[in-house]
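*Asks:* Provided below: structure_4.cif, containing mmCIF, C-alpha atoms.
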data_target
#
loop_
_atom_site.label_atom_id
_atom_site.label_comp_id
_atom_site.auth_asym_id
_atom_site.auth_seq_id
_atom_site.Cartn_x
_atom_site.Cartn_y
_atom_site.Cartn_z
CA MET A 162 14.50 45.48 14.43
CA LYS A 163 11.52 44.41 12.30
CA ALA A 164 13.87 43.40 9.50
CA ARG A 165 15.91 41.27 11.92
CA LEU A 166 12.76 39.56 13.26
CA ALA A 167 11.64 38.91 9.69
CA ARG A 168 15.02 37.33 8.86
CA LEU A 169 14.88 35.16 12.00
CA THR A 170 11.32 34.05 11.21
CA SER A 171 12.29 33.27 7.62
CA SER A 172 15.35 31.32 8.78
CA LYS A 173 13.25 29.35 11.27
CA ARG A 174 10.71 28.48 8.60
CA PHE A 175 13.49 27.40 6.24
CA ARG A 176 14.99 25.11 8.90
CA ARG A 177 11.58 23.57 9.53
CA LEU A 178 11.06 23.02 5.80
CA THR A 179 14.52 21.47 5.48
CA LEU A 180 13.81 19.14 8.41
CA LEU A 181 10.44 18.20 6.94
CA MET A 182 12.01 17.35 3.57
CA ALA A 183 14.62 15.21 5.35
CA VAL A 184 11.94 13.27 7.23
CA VAL A 185 9.26 12.71 4.58
CA GLY A 186 9.26 9.51 2.58
CA PRO A 187 8.32 6.34 4.46
CA GLY A 188 4.72 7.38 5.19
CA ILE A 189 4.04 8.74 1.71
CA ILE A 190 5.65 5.77 -0.05
CA THR A 191 3.97 3.08 2.07
CA ALA A 192 0.48 4.54 1.78
CA ASN A 193 0.74 5.01 -1.98
CA VAL A 194 2.15 1.55 -2.64
CA ASP A 195 -1.07 0.24 -1.11
CA ASN A 196 -2.78 1.51 -4.28
CA ASP A 197 -1.26 -1.40 -6.19
CA ALA A 198 -2.62 -3.53 -9.03
CA GLY A 199 -4.95 -5.44 -6.70
CA GLY A 200 -6.15 -2.24 -5.06
CA ILE A 201 -6.76 -0.47 -8.36
CA THR A 202 -8.71 -3.51 -9.56
CA THR A 203 -10.89 -3.38 -6.44
CA TYR A 204 -11.53 0.37 -6.70
CA SER A 205 -12.27 0.10 -10.43
CA LEU A 206 -14.84 -2.61 -9.78
CA ALA A 207 -16.34 -0.53 -6.95
CA GLY A 208 -16.88 2.48 -9.24
CA GLY A 209 -17.74 0.53 -12.39
CA ASN A 210 -20.26 -1.81 -10.77
CA PHE A 211 -21.59 0.22 -7.82
CA GLY A 212 -21.27 3.82 -9.00
CA TYR A 213 -20.70 6.43 -6.31
CA SER A 214 -22.45 4.44 -3.57
CA LEU A 215 -19.23 3.41 -1.80
CA LEU A 216 -17.50 6.79 -1.77
CA TRP A 217 -18.69 7.51 1.79
CA SER A 218 -16.48 4.69 3.12
CA LEU A 219 -13.23 6.42 2.16
CA LEU A 220 -13.17 8.85 5.11
CA PRO A 221 -13.36 6.18 7.87
CA ILE A 222 -10.97 3.98 5.88
CA GLY A 223 -8.49 6.86 5.74
CA ILE A 224 -8.75 7.32 9.53
CA PHE A 225 -8.06 3.60 10.08
CA LEU A 226 -5.05 3.76 7.77
CA PHE A 227 -3.59 6.81 9.52
CA ILE A 228 -3.96 5.35 13.03
CA ILE A 229 -2.21 2.08 12.16
CA GLN A 230 0.60 3.60 10.09
CA GLU A 231 1.24 6.36 12.66
CA MET A 232 1.78 3.71 15.32
CA SER A 233 4.17 1.89 13.00
CA SER A 234 6.12 5.09 12.35
CA ARG A 235 6.25 5.90 16.07
CA LEU A 236 7.57 2.43 16.90
CA GLY A 237 10.34 2.78 14.31
CA ALA A 238 11.36 6.31 15.32
CA THR A 239 11.37 5.58 19.05
CA THR A 240 13.19 2.24 19.02
CA GLY A 241 15.29 2.54 15.84
CA LYS A 242 14.27 -1.03 15.02
CA GLY A 243 11.93 -2.75 12.59
CA LEU A 244 8.79 -4.61 13.66
CA ALA A 245 10.24 -8.09 13.05
CA ASP A 246 13.26 -7.14 15.20
CA LEU A 247 11.01 -6.13 18.08
CA MET A 248 8.80 -9.21 17.67
CA ARG A 249 11.80 -11.52 17.90
CA GLU A 250 13.09 -9.76 21.03
CA ARG A 251 9.70 -9.63 22.78
CA PHE A 252 7.86 -12.78 21.59
CA GLY A 253 10.71 -15.12 20.67
CA LEU A 254 12.17 -16.58 17.48
CA LYS A 255 9.62 -19.38 17.07
CA ILE A 256 6.56 -17.11 16.88
CA THR A 257 8.43 -14.64 14.70
CA PHE A 258 9.61 -17.40 12.34
CA TRP A 259 6.11 -18.72 11.63
CA ALA A 260 4.75 -15.21 11.22
CA LEU A 261 7.50 -14.54 8.67
CA VAL A 262 6.70 -17.77 6.77
CA GLY A 263 3.10 -16.59 6.38
CA LEU A 264 4.22 -13.12 5.33
CA LEU A 265 6.69 -14.55 2.83
CA LEU A 266 3.98 -16.63 1.14
CA ALA A 267 1.49 -13.75 1.18
CA ASN A 268 4.00 -11.30 -0.26
CA LEU A 269 5.05 -13.73 -2.98
CA THR A 270 1.45 -13.98 -4.18
CA ASN A 271 1.09 -10.20 -3.86
CA THR A 272 4.26 -9.70 -5.93
CA MET A 273 2.83 -11.99 -8.58
CA SER A 274 -0.31 -9.87 -8.72
CA GLU A 275 1.84 -6.76 -9.27
CA PHE A 276 3.57 -8.35 -12.26
CA ALA A 277 0.14 -9.46 -13.48
CA GLY A 278 -0.76 -5.76 -13.35
CA VAL A 279 2.31 -4.96 -15.46
CA ALA A 280 1.15 -7.60 -17.96
CA SER A 281 -2.38 -6.14 -18.15
CA ALA A 282 -1.16 -2.54 -18.53
CA SER A 283 1.39 -3.43 -21.20
CA GLU A 284 -1.18 -5.34 -23.23
CA ILE A 285 -3.46 -2.29 -23.20
CA PHE A 286 -0.62 -0.44 -24.95
CA GLY A 287 -0.06 -3.35 -27.36
CA LEU A 288 3.08 -4.84 -25.79
CA THR A 289 3.13 -8.55 -25.02
CA ARG A 290 3.59 -9.59 -21.41
CA TYR A 291 6.47 -11.87 -22.40
CA VAL A 292 8.51 -8.74 -23.13
CA ALA A 293 7.04 -6.29 -20.61
CA VAL A 294 7.21 -8.48 -17.47
CA PRO A 295 10.91 -9.49 -17.82
CA LEU A 296 11.85 -5.87 -18.59
CA ALA A 297 9.91 -4.68 -15.54
CA ALA A 298 11.56 -7.32 -13.33
CA VAL A 299 15.06 -6.27 -14.45
CA LEU A 300 14.21 -2.58 -13.99
CA VAL A 301 12.95 -2.85 -10.41
CA TRP A 302 15.81 -5.20 -9.46
CA VAL A 303 18.50 -2.84 -10.79
CA ILE A 304 16.95 0.23 -9.13
CA VAL A 305 17.07 -1.38 -5.69
CA ILE A 306 20.29 -3.39 -5.96
CA LYS A 307 22.37 -0.51 -7.35
CA GLY A 308 21.01 2.36 -5.25
CA SER A 309 21.35 3.67 -1.71
CA TYR A 310 18.37 4.28 0.56
CA SER A 311 18.43 8.00 -0.25
CA SER A 312 18.56 7.55 -4.04
CA ILE A 313 15.92 4.80 -4.07
CA GLU A 314 13.59 6.86 -1.89
CA LYS A 315 13.79 9.71 -4.41
CA VAL A 316 12.83 7.32 -7.23
CA PHE A 317 9.89 6.04 -5.19
CA LEU A 318 8.72 9.58 -4.35
CA VAL A 319 8.72 10.45 -8.07
CA ALA A 320 6.64 7.31 -8.67
CA CYS A 321 4.18 8.63 -6.06
CA LEU A 322 3.80 11.83 -8.11
CA LEU A 323 2.73 9.79 -11.16
CA TYR A 324 -0.45 8.81 -9.32
CA VAL A 325 -1.71 12.24 -10.42
CA SER A 326 -2.84 10.46 -13.60
CA TYR A 327 -5.91 9.25 -11.69
CA PRO A 328 -7.16 12.69 -10.57
CA VAL A 329 -6.64 13.91 -14.15
CA SER A 330 -8.60 10.89 -15.44
CA GLY A 331 -11.37 11.71 -12.97
CA ILE A 332 -11.61 15.29 -14.23
CA LEU A 333 -11.61 14.16 -17.87
CA ALA A 334 -14.48 11.76 -17.08
CA ARG A 335 -16.67 14.83 -16.33
CA PRO A 336 -18.71 13.49 -13.40
CA ASP A 337 -21.61 15.30 -11.75
CA TRP A 338 -19.60 16.84 -8.90
CA GLY A 339 -22.71 17.62 -6.86
CA VAL A 340 -23.63 13.94 -6.79
CA VAL A 341 -20.00 12.98 -6.16
CA PHE A 342 -19.54 15.15 -3.08
CA ARG A 343 -22.96 14.25 -1.69
CA SER A 344 -22.11 10.55 -2.03
CA ALA A 345 -18.76 11.17 -0.31
CA VAL A 346 -20.38 12.47 2.89
CA VAL A 347 -23.82 10.80 2.98
CA PRO A 348 -23.60 7.04 3.63
CA GLU A 349 -25.55 4.85 1.23
CA TRP A 350 -26.13 1.34 2.50
CA SER A 351 -27.24 -1.89 0.87
CA PHE A 352 -27.69 -5.34 2.39
CA SER A 353 -26.79 -6.91 -0.93
CA SER A 354 -24.06 -9.54 -0.42
CA ASP A 355 -22.18 -8.14 -3.44
CA TYR A 356 -22.24 -4.62 -1.94
CA ILE A 357 -21.01 -5.81 1.47
CA MET A 358 -18.32 -7.95 -0.15
CA MET A 359 -17.08 -4.96 -2.17
CA LEU A 360 -17.03 -2.76 0.95
CA VAL A 361 -15.00 -5.37 2.80
CA GLY A 362 -12.72 -5.68 -0.23
CA ILE A 363 -12.01 -1.93 -0.24
CA ILE A 364 -11.13 -1.99 3.45
CA GLY A 365 -9.11 -5.18 3.06
CA THR A 366 -6.96 -3.75 0.29
CA THR A 367 -6.25 -0.58 2.28
CA ILE A 368 -4.41 -2.16 5.22
CA ALA A 369 -2.12 -5.16 4.62
CA PRO A 370 0.43 -6.80 6.98
CA TRP A 371 3.46 -5.90 4.83
CA MET A 372 2.72 -2.18 5.28
CA GLN A 373 3.46 -2.13 8.99
CA PHE A 374 6.75 -3.97 8.51
CA TYR A 375 7.94 -1.79 5.63
CA GLN A 376 6.88 1.52 7.20
CA GLN A 377 8.69 0.80 10.46
CA ALA A 378 11.79 -0.61 8.75
CA ALA A 379 11.97 2.41 6.41
CA VAL A 380 11.71 4.84 9.35
CA ALA A 381 14.52 2.99 11.15
CA ASP A 382 16.63 2.71 7.99
CA LYS A 383 16.23 6.44 7.34
CA GLY A 384 17.60 7.13 10.82
CA LEU A 385 14.58 8.98 12.19
CA THR A 386 14.32 9.35 15.97
CA SER A 387 11.73 10.44 18.50
CA LYS A 388 12.89 14.04 17.91
CA ASP A 389 11.50 13.75 14.38
CA MET A 390 8.10 12.48 15.56
CA LYS A 391 6.14 15.59 14.64
CA TYR A 392 7.34 15.55 11.05
CA ALA A 393 7.16 11.76 10.77
CA ARG A 394 3.49 11.97 11.79
CA LEU A 395 2.93 14.64 9.12
CA ASP A 396 4.60 12.32 6.59
CA VAL A 397 2.06 9.59 7.46
CA LEU A 398 -0.83 12.08 7.26
CA VAL A 399 0.21 13.37 3.82
CA GLY A 400 0.66 9.80 2.58
CA THR A 401 -2.76 8.78 3.87
CA ILE A 402 -4.52 11.76 2.31
CA GLY A 403 -2.73 11.21 -1.00
CA ALA A 404 -3.63 7.52 -1.08
CA VAL A 405 -7.31 8.17 -0.29
CA VAL A 406 -7.52 10.93 -2.92
CA VAL A 407 -6.22 8.50 -5.55
CA VAL A 408 -8.82 5.90 -4.52
CA PHE A 409 -11.51 8.59 -4.65
CA PHE A 410 -10.69 9.51 -8.25
CA ILE A 411 -10.41 5.89 -9.42
CA VAL A 412 -13.92 5.22 -8.13
CA VAL A 413 -15.22 8.50 -9.59
CA THR A 414 -13.66 7.84 -13.01
CA CYS A 415 -15.24 4.40 -13.35
CA ALA A 416 -18.56 5.47 -11.84
CA ALA A 417 -18.93 8.47 -14.18
CA THR A 418 -18.21 6.40 -17.27
CA ILE A 419 -18.64 2.64 -16.99
CA HIS A 420 -21.46 2.60 -14.43
CA ALA A 421 -23.20 5.65 -15.91
CA HIS A 422 -23.43 3.84 -19.27
CA GLY A 423 -24.87 0.68 -17.73
CA LYS A 424 -21.76 -1.42 -18.28
CA SER A 425 -19.95 -3.72 -15.86
CA VAL A 426 -16.34 -4.87 -15.57
CA THR A 427 -14.61 -7.90 -14.10
CA ASP A 428 -11.01 -6.67 -13.89
CA VAL A 429 -8.89 -3.53 -14.18
CA LYS A 430 -7.96 -4.22 -17.82
CA ASP A 431 -11.66 -4.25 -18.74
CA ALA A 432 -12.09 -0.95 -16.90
CA ALA A 433 -9.19 0.76 -18.67
CA MET A 434 -10.28 -0.49 -22.10
CA ALA A 435 -13.86 0.64 -21.48
CA LEU A 436 -12.69 4.19 -20.76
CA PHE A 437 -11.29 4.72 -24.26
CA PRO A 438 -14.68 4.83 -26.07
CA LEU A 439 -16.59 6.26 -23.09
CA ALA A 440 -14.27 9.06 -21.91
CA GLY A 441 -11.73 9.45 -24.68
CA LYS A 442 -8.23 8.20 -25.37
CA TYR A 443 -6.55 10.57 -22.92
CA CYS A 444 -8.67 9.40 -19.98
CA GLY A 445 -8.21 5.73 -20.85
CA GLY A 446 -4.50 6.17 -21.54
CA LEU A 447 -3.86 7.96 -18.26
CA PHE A 448 -5.79 5.31 -16.36
CA ALA A 449 -3.69 2.56 -17.96
CA LEU A 450 -0.50 4.55 -17.30
CA GLY A 451 -1.48 4.80 -13.65
CA LEU A 452 -1.93 1.02 -13.51
CA LEU A 453 1.52 0.47 -15.03
CA ASN A 454 3.16 2.91 -12.61
CA ALA A 455 1.37 1.40 -9.60
CA SER A 456 2.32 -2.14 -10.62
CA LEU A 457 6.01 -1.28 -11.14
CA PHE A 458 6.10 0.74 -7.92
CA SER A 459 4.54 -2.03 -5.85
CA ALA A 460 6.63 -4.74 -7.54
CA SER A 461 9.65 -2.86 -6.15
CA ILE A 462 8.33 -2.27 -2.63
CA LEU A 463 6.63 -5.57 -1.77
CA PRO A 464 9.76 -7.74 -2.26
CA LEU A 465 11.78 -5.06 -0.48
CA ALA A 466 9.36 -5.09 2.46
CA THR A 467 9.65 -8.88 2.58
CA ALA A 468 13.46 -8.74 2.55
CA TYR A 469 13.34 -6.37 5.53
CA GLN A 470 10.86 -8.58 7.38
CA VAL A 471 12.76 -11.83 6.92
CA SER A 472 16.21 -10.30 7.60
CA GLU A 473 15.04 -8.52 10.75
CA GLY A 474 13.27 -11.58 12.08
CA MET A 475 16.27 -13.84 11.48
CA GLY A 476 18.82 -11.30 12.74
CA TRP A 477 20.57 -10.87 9.37
CA GLU A 478 22.26 -7.72 8.13
CA ARG A 479 19.89 -5.60 6.04
CA GLY A 480 19.42 -2.14 4.61
CA LEU A 481 19.68 -0.38 1.27
CA ASP A 482 22.86 1.41 2.32
CA ARG A 483 24.65 -1.94 2.67
CA SER A 484 26.28 -3.70 -0.26
CA PHE A 485 25.37 -7.18 -1.51
CA THR A 486 28.44 -8.65 0.20
CA GLU A 487 27.51 -6.93 3.49
CA ALA A 488 23.89 -8.13 3.43
CA PRO A 489 23.75 -11.17 1.13
CA GLU A 490 20.62 -12.70 2.69
CA PHE A 491 18.71 -9.40 2.46
CA TYR A 492 19.40 -8.95 -1.25
CA SER A 493 18.96 -12.67 -1.98
CA VAL A 494 15.43 -12.66 -0.56
CA TYR A 495 14.63 -9.57 -2.64
CA THR A 496 16.05 -11.13 -5.82
CA LEU A 497 14.28 -14.45 -5.28
CA LEU A 498 10.89 -12.78 -4.90
CA ILE A 499 11.40 -10.74 -8.07
CA VAL A 500 12.40 -13.82 -10.06
CA LEU A 501 9.55 -15.99 -8.74
CA GLY A 502 6.94 -13.24 -8.87
CA ALA A 503 7.68 -12.37 -12.49
CA GLY A 504 8.47 -15.90 -13.65
CA LEU A 505 5.31 -17.55 -12.32
CA VAL A 506 3.11 -14.91 -13.98
CA LEU A 507 4.56 -15.93 -17.36
CA LEU A 508 3.67 -19.60 -16.94
CA PRO A 509 0.95 -20.65 -19.43
CA HIS A 510 -2.45 -21.10 -17.77
CA ALA A 511 -1.15 -19.87 -14.41
CA PRO A 512 -4.15 -19.73 -11.99
CA LEU A 513 -3.73 -16.00 -11.31
CA LEU A 514 -7.25 -15.56 -9.92
CA LYS A 515 -6.76 -18.30 -7.32
CA ILE A 516 -3.34 -16.89 -6.49
CA MET A 517 -4.94 -13.51 -5.78
CA TYR A 518 -7.56 -15.22 -3.60
CA LEU A 519 -4.74 -16.99 -1.73
CA SER A 520 -2.99 -13.69 -1.06
CA GLN A 521 -6.24 -12.29 0.37
CA VAL A 522 -6.61 -15.35 2.60
CA LEU A 523 -3.07 -15.06 3.95
CA ASN A 524 -3.34 -11.29 4.48
CA GLY A 525 -6.67 -11.74 6.27
CA LEU A 526 -5.22 -14.36 8.60
CA LEU A 527 -2.02 -12.43 9.35
CA LEU A 528 -3.34 -8.90 9.76
CA PRO A 529 -5.06 -9.40 13.17
CA LEU A 530 -1.91 -11.03 14.58
CA VAL A 531 0.38 -8.28 13.31
CA LEU A 532 -1.86 -5.51 14.67
CA VAL A 533 -2.09 -7.16 18.10
CA PHE A 534 1.73 -7.52 18.20
CA MET A 535 2.03 -3.82 17.33
CA LEU A 536 -0.35 -2.73 20.09
CA LEU A 537 1.37 -4.86 22.71
CA LEU A 538 4.73 -3.36 21.72
CA ILE A 539 3.60 0.26 21.53
CA ASN A 540 2.00 0.03 25.00
CA ASP A 541 5.22 -1.27 26.57
CA LYS A 542 6.36 1.77 28.56
CA ARG A 543 9.84 0.31 29.06
CA LEU A 544 10.22 0.19 25.29
CA MET A 545 8.37 3.36 24.28
CA GLY A 546 8.82 5.67 27.26
CA GLU A 547 6.68 8.78 26.87
CA TYR A 548 5.72 7.78 23.32
CA HIS A 549 3.46 4.90 24.31
CA ASN A 550 -0.24 5.13 23.38
CA SER A 551 -2.48 7.36 25.46
CA ARG A 552 -5.76 5.95 26.80
CA THR A 553 -7.79 7.76 24.13
CA TYR A 554 -5.47 6.62 21.37
CA ASN A 555 -5.65 3.06 22.70
CA ILE A 556 -9.44 3.08 22.56
CA LEU A 557 -9.34 4.27 18.94
CA SER A 558 -6.54 1.85 18.08
CA TRP A 559 -8.20 -1.24 19.57
CA LEU A 560 -11.53 -0.28 17.96
CA CYS A 561 -9.72 0.04 14.66
CA VAL A 562 -7.97 -3.31 15.16
CA VAL A 563 -11.20 -5.12 16.09
CA LEU A 564 -13.10 -3.74 13.09
CA VAL A 565 -10.30 -4.27 10.56
CA SER A 566 -9.58 -7.76 11.92
CA ALA A 567 -13.26 -8.78 11.83
CA LEU A 568 -13.53 -7.60 8.23
CA GLY A 569 -10.26 -9.30 7.35
CA ILE A 570 -11.51 -12.59 8.79
CA TYR A 571 -14.79 -12.20 6.90
CA LEU A 572 -12.89 -11.58 3.67
CA THR A 573 -10.74 -14.64 4.40
CA VAL A 574 -13.75 -16.91 4.86
CA VAL A 575 -15.39 -15.66 1.67
CA SER A 576 -12.13 -15.96 -0.28
CA ILE A 577 -11.64 -19.56 0.88
CA ALA A 578 -15.22 -20.38 -0.16
CA GLN A 579 -14.68 -18.81 -3.58
CA MET A 580 -11.28 -20.45 -4.03
CA PHE A 581 -12.57 -23.96 -3.33
CA GLY A 582 -15.83 -23.23 -5.07
CA GLY A 583 -13.87 -22.57 -8.25
CA LYS A 584 -15.29 -19.08 -8.78
#
The structure in this file should be written as structure tokens.
*Replies:*
Amino acid sequence: MKARLARLTSSKRFRRLTLLMAVVGPGIITANVDNDAGGITTYSLAGGNFGYSLLWSLLPIGIFLFIIQEMSSRLGATTGKGLADLMRERFGLKITFWALVGLLLANLTNTMSEFAGVASASEIFGLTRYVAVPLAAVLVWVIVIKGSYSSIEKVFLVACLLYVSYPVSGILARPDWGVVFRSAVVPEWSFSSDYIMMLVGIIGTTIAPWMQFYQQAAVADKGLTSKDMKYARLDVLVGTIGAVVVVFFIVVTCAATIHAHGKSVTDVKDAAMALFPLAGKYCGGLFALGLLNASLFSASILPLATAYQVSEGMGWERGLDRSFTEAPEFYSVYTLLIVLGAGLVLLPHAPLLKIMYLSQVLNGLLLPLVLVFMLLLINDKRLMGEYHNSRTYNILSWLCVVLVSALGIYLTVVSIAQMFGGK
């Protein structure tokens, strides 16, 4: 009898594990892609220029990220549709069209920043950008165009595993762990405008409009339903924790080396190069490898997210399990963004810094609108049934939206001032 119960328990656990493995992917991939070239630059500057003083912010940021992405996953699993699809049905084509125009411009500039990250990482290893960027563009294009959703998701999940280079770099940097963990739980505040701007920058790079569209589209494309909600929520939680852990170790690595030696950095390439003499070639090499992986990973996902957004909003066929002839507009949008994103980065004297400012401005303007659309949709009981937000969850969600939106608007205003001020 005991043996039979043990076999039944083991079989039940195996079925649960199998179901979990079938469900995981969208949440982990979306959260980790957020640690892209722009994000890594921001976190490197936070650690290199401010030490451990901003580590305390990562816990509330992680909570914000989980709340928003969980709602996105729940919308996708319950309705079987992407966010742009639902926006067009509920709010009309006109509103959806202009929202998609803004997202298309923002994601083009974001894609350019990812290929700029490829250029920076390759030059650290001694390879010119004029070779590395075209090779990277061809690689990410072939992976997506030639694969199915299942095969591409496996490639992306492997790319997520390569983010382990940052925790290893953090350990090799040999920080004072007592100071690190104290800084992570005890808030340290400064009214310095630079400190506040960096804090806003960290929050602003954590939650971007494309994430909600891609997460929901990926959940729908994977075929998840409301029956999978428990495991889909776990997928989002694991992705959020993984993303925050990576941010934690990027900040720690730069704080324990660059900041501890009284140096400062202005971009992620400076940070990686500074690590070689300060923490050794392995630490610096792993940090640069992480940048290259993150840039390639995000250069694949951001155009893909945009292709989903535009195709859903316009009612075109889309999905990685469809061929080019079945979904020509979907793959054409993806291809165009890859070509433009990589090609514009290679232009001599391209104003990359202003382009990155422009992407921040567009993200800051779009994020509040996207989050409000999401909350209106997820509270529609006719659409969501029993999976609509509870009162408690709504309070947390709206608080999250108000805070993130206010910070996004602040970041937008500052970015516009810097862009036109020529800084």
*Asks:* Please enumerate the residues selected by the PyMOL selection byres ((chain A and resi 213) around 7) when evaluated against the supplied file, formatted as a VMD selection string.
*Replies:* chain A and resid 208 211 to 212 214 to 216 341 344 413 416
*Asks:* Determine the residue set returned by the PyMOL selection byres ((chain A and resi 219) around 9) for the present structure, and present it as a PyMOL selection string.
*Replies:* chain A and resi 215-218+220-224+345+363-364+405-406+408-409
*Asks:* Can you spell out as a list in words the set of residues that the PyMOL selection byres ((chain A and resi 386-401) around 7) selects in the structure I just provided?
*Replies:*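 Checking the PyMOL selection byres ((chain A and resi 386-401) around 7) against this file, the residues are Leu181, Val184, Val185, Gly186, Gly188, Ile189, Ile190, Ala192, Asn193, Gly223, Leu226, Phe227, Gln230, Glu231, Ser234, Arg235, Ala238, Thr239, Gly241, Gly384, Leu385, Ile402, Gly403, Ala404 and Val405 of chain A.
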*Asks:* Using Å and a single decimal, report how far atom CA of Asn196 of chain A sits from atom CA of Phe491 of chain A.
*Replies:*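 Distance reported for this atom pair: 25.0 Å.
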*Asks:* Of the residues A:Leu288, A:Gly331, A:Gly243, A:Asn555, which is the one nearest to Phe410 of chain A, using only C-alpha atoms?
*Replies:*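 Looking only at the distances to Phe410 of chain A, the closest residue turns out to be A:Gly331.
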*Asks:* Compare A:Leu528, A:Val305, A:Ala260, A:Ala245 by their minimum atom-to-atom distance to Pro464 of chain A, counting all atoms listed in the file, and give me the closest one.
*Replies:*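 The shortest atom-to-atom distance to Pro464 of chain A comes from A:Val305.
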*Asks:* Work out how far apart atom CA of Ala369 of chain A and atom CA of Leu527 of chain A are and give it in Å to one decimal.
*Replies:* 8.7 Å
*Asks:* Hey, which of A:Thr202, A:Thr240, A:Thr486, A:Ser493 ends up closest to Ala468 of chain A? Count all atoms listed in the file.
*Replies:* A:Ser493
*Asks:* Between A:Ser283, A:Asn268, A:Thr418, A:Asn524, which residue has the minimum interatomic distance to Leu457 of chain A, considering all atoms listed in the file?
*Replies:*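 Closest candidate: A:Ser283.
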*Asks:* Nearest residue to Trp302 of chain A out of A:Leu526, A:Ile556, A:Ala460, A:Met535, using only C-alpha atoms?
*Replies:*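 Between A:Leu526, A:Ile556, A:Ala460, A:Met535, the residue approaching Trp302 of chain A most closely is A:Ala460.
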*Asks:* Quick one: of A:Arg290, A:Arg343, A:Lys383, A:Arg479, who's nearest to Leu507 of chain A, counting all atoms listed in the file?
*Replies:*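 Smallest separation from Leu507 of chain A among the options: A:Arg290.
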*Asks:* Tell me, in Å to one decimal, how far atom CA of Arg249 of chain A is from atom CA of Leu568 of chain A.
*Replies:* 27.4 Å
*Asks:* Which residues are near Ser472 of chain A? Cut-off 12 Å, all atoms listed in the file, ignore same chain within fewer than 3 positions. Put them as a ChimeraX atom specification.
*Replies:* /A:243-246,249,257-258,261,265,374,378,465-469,475-480,488-495
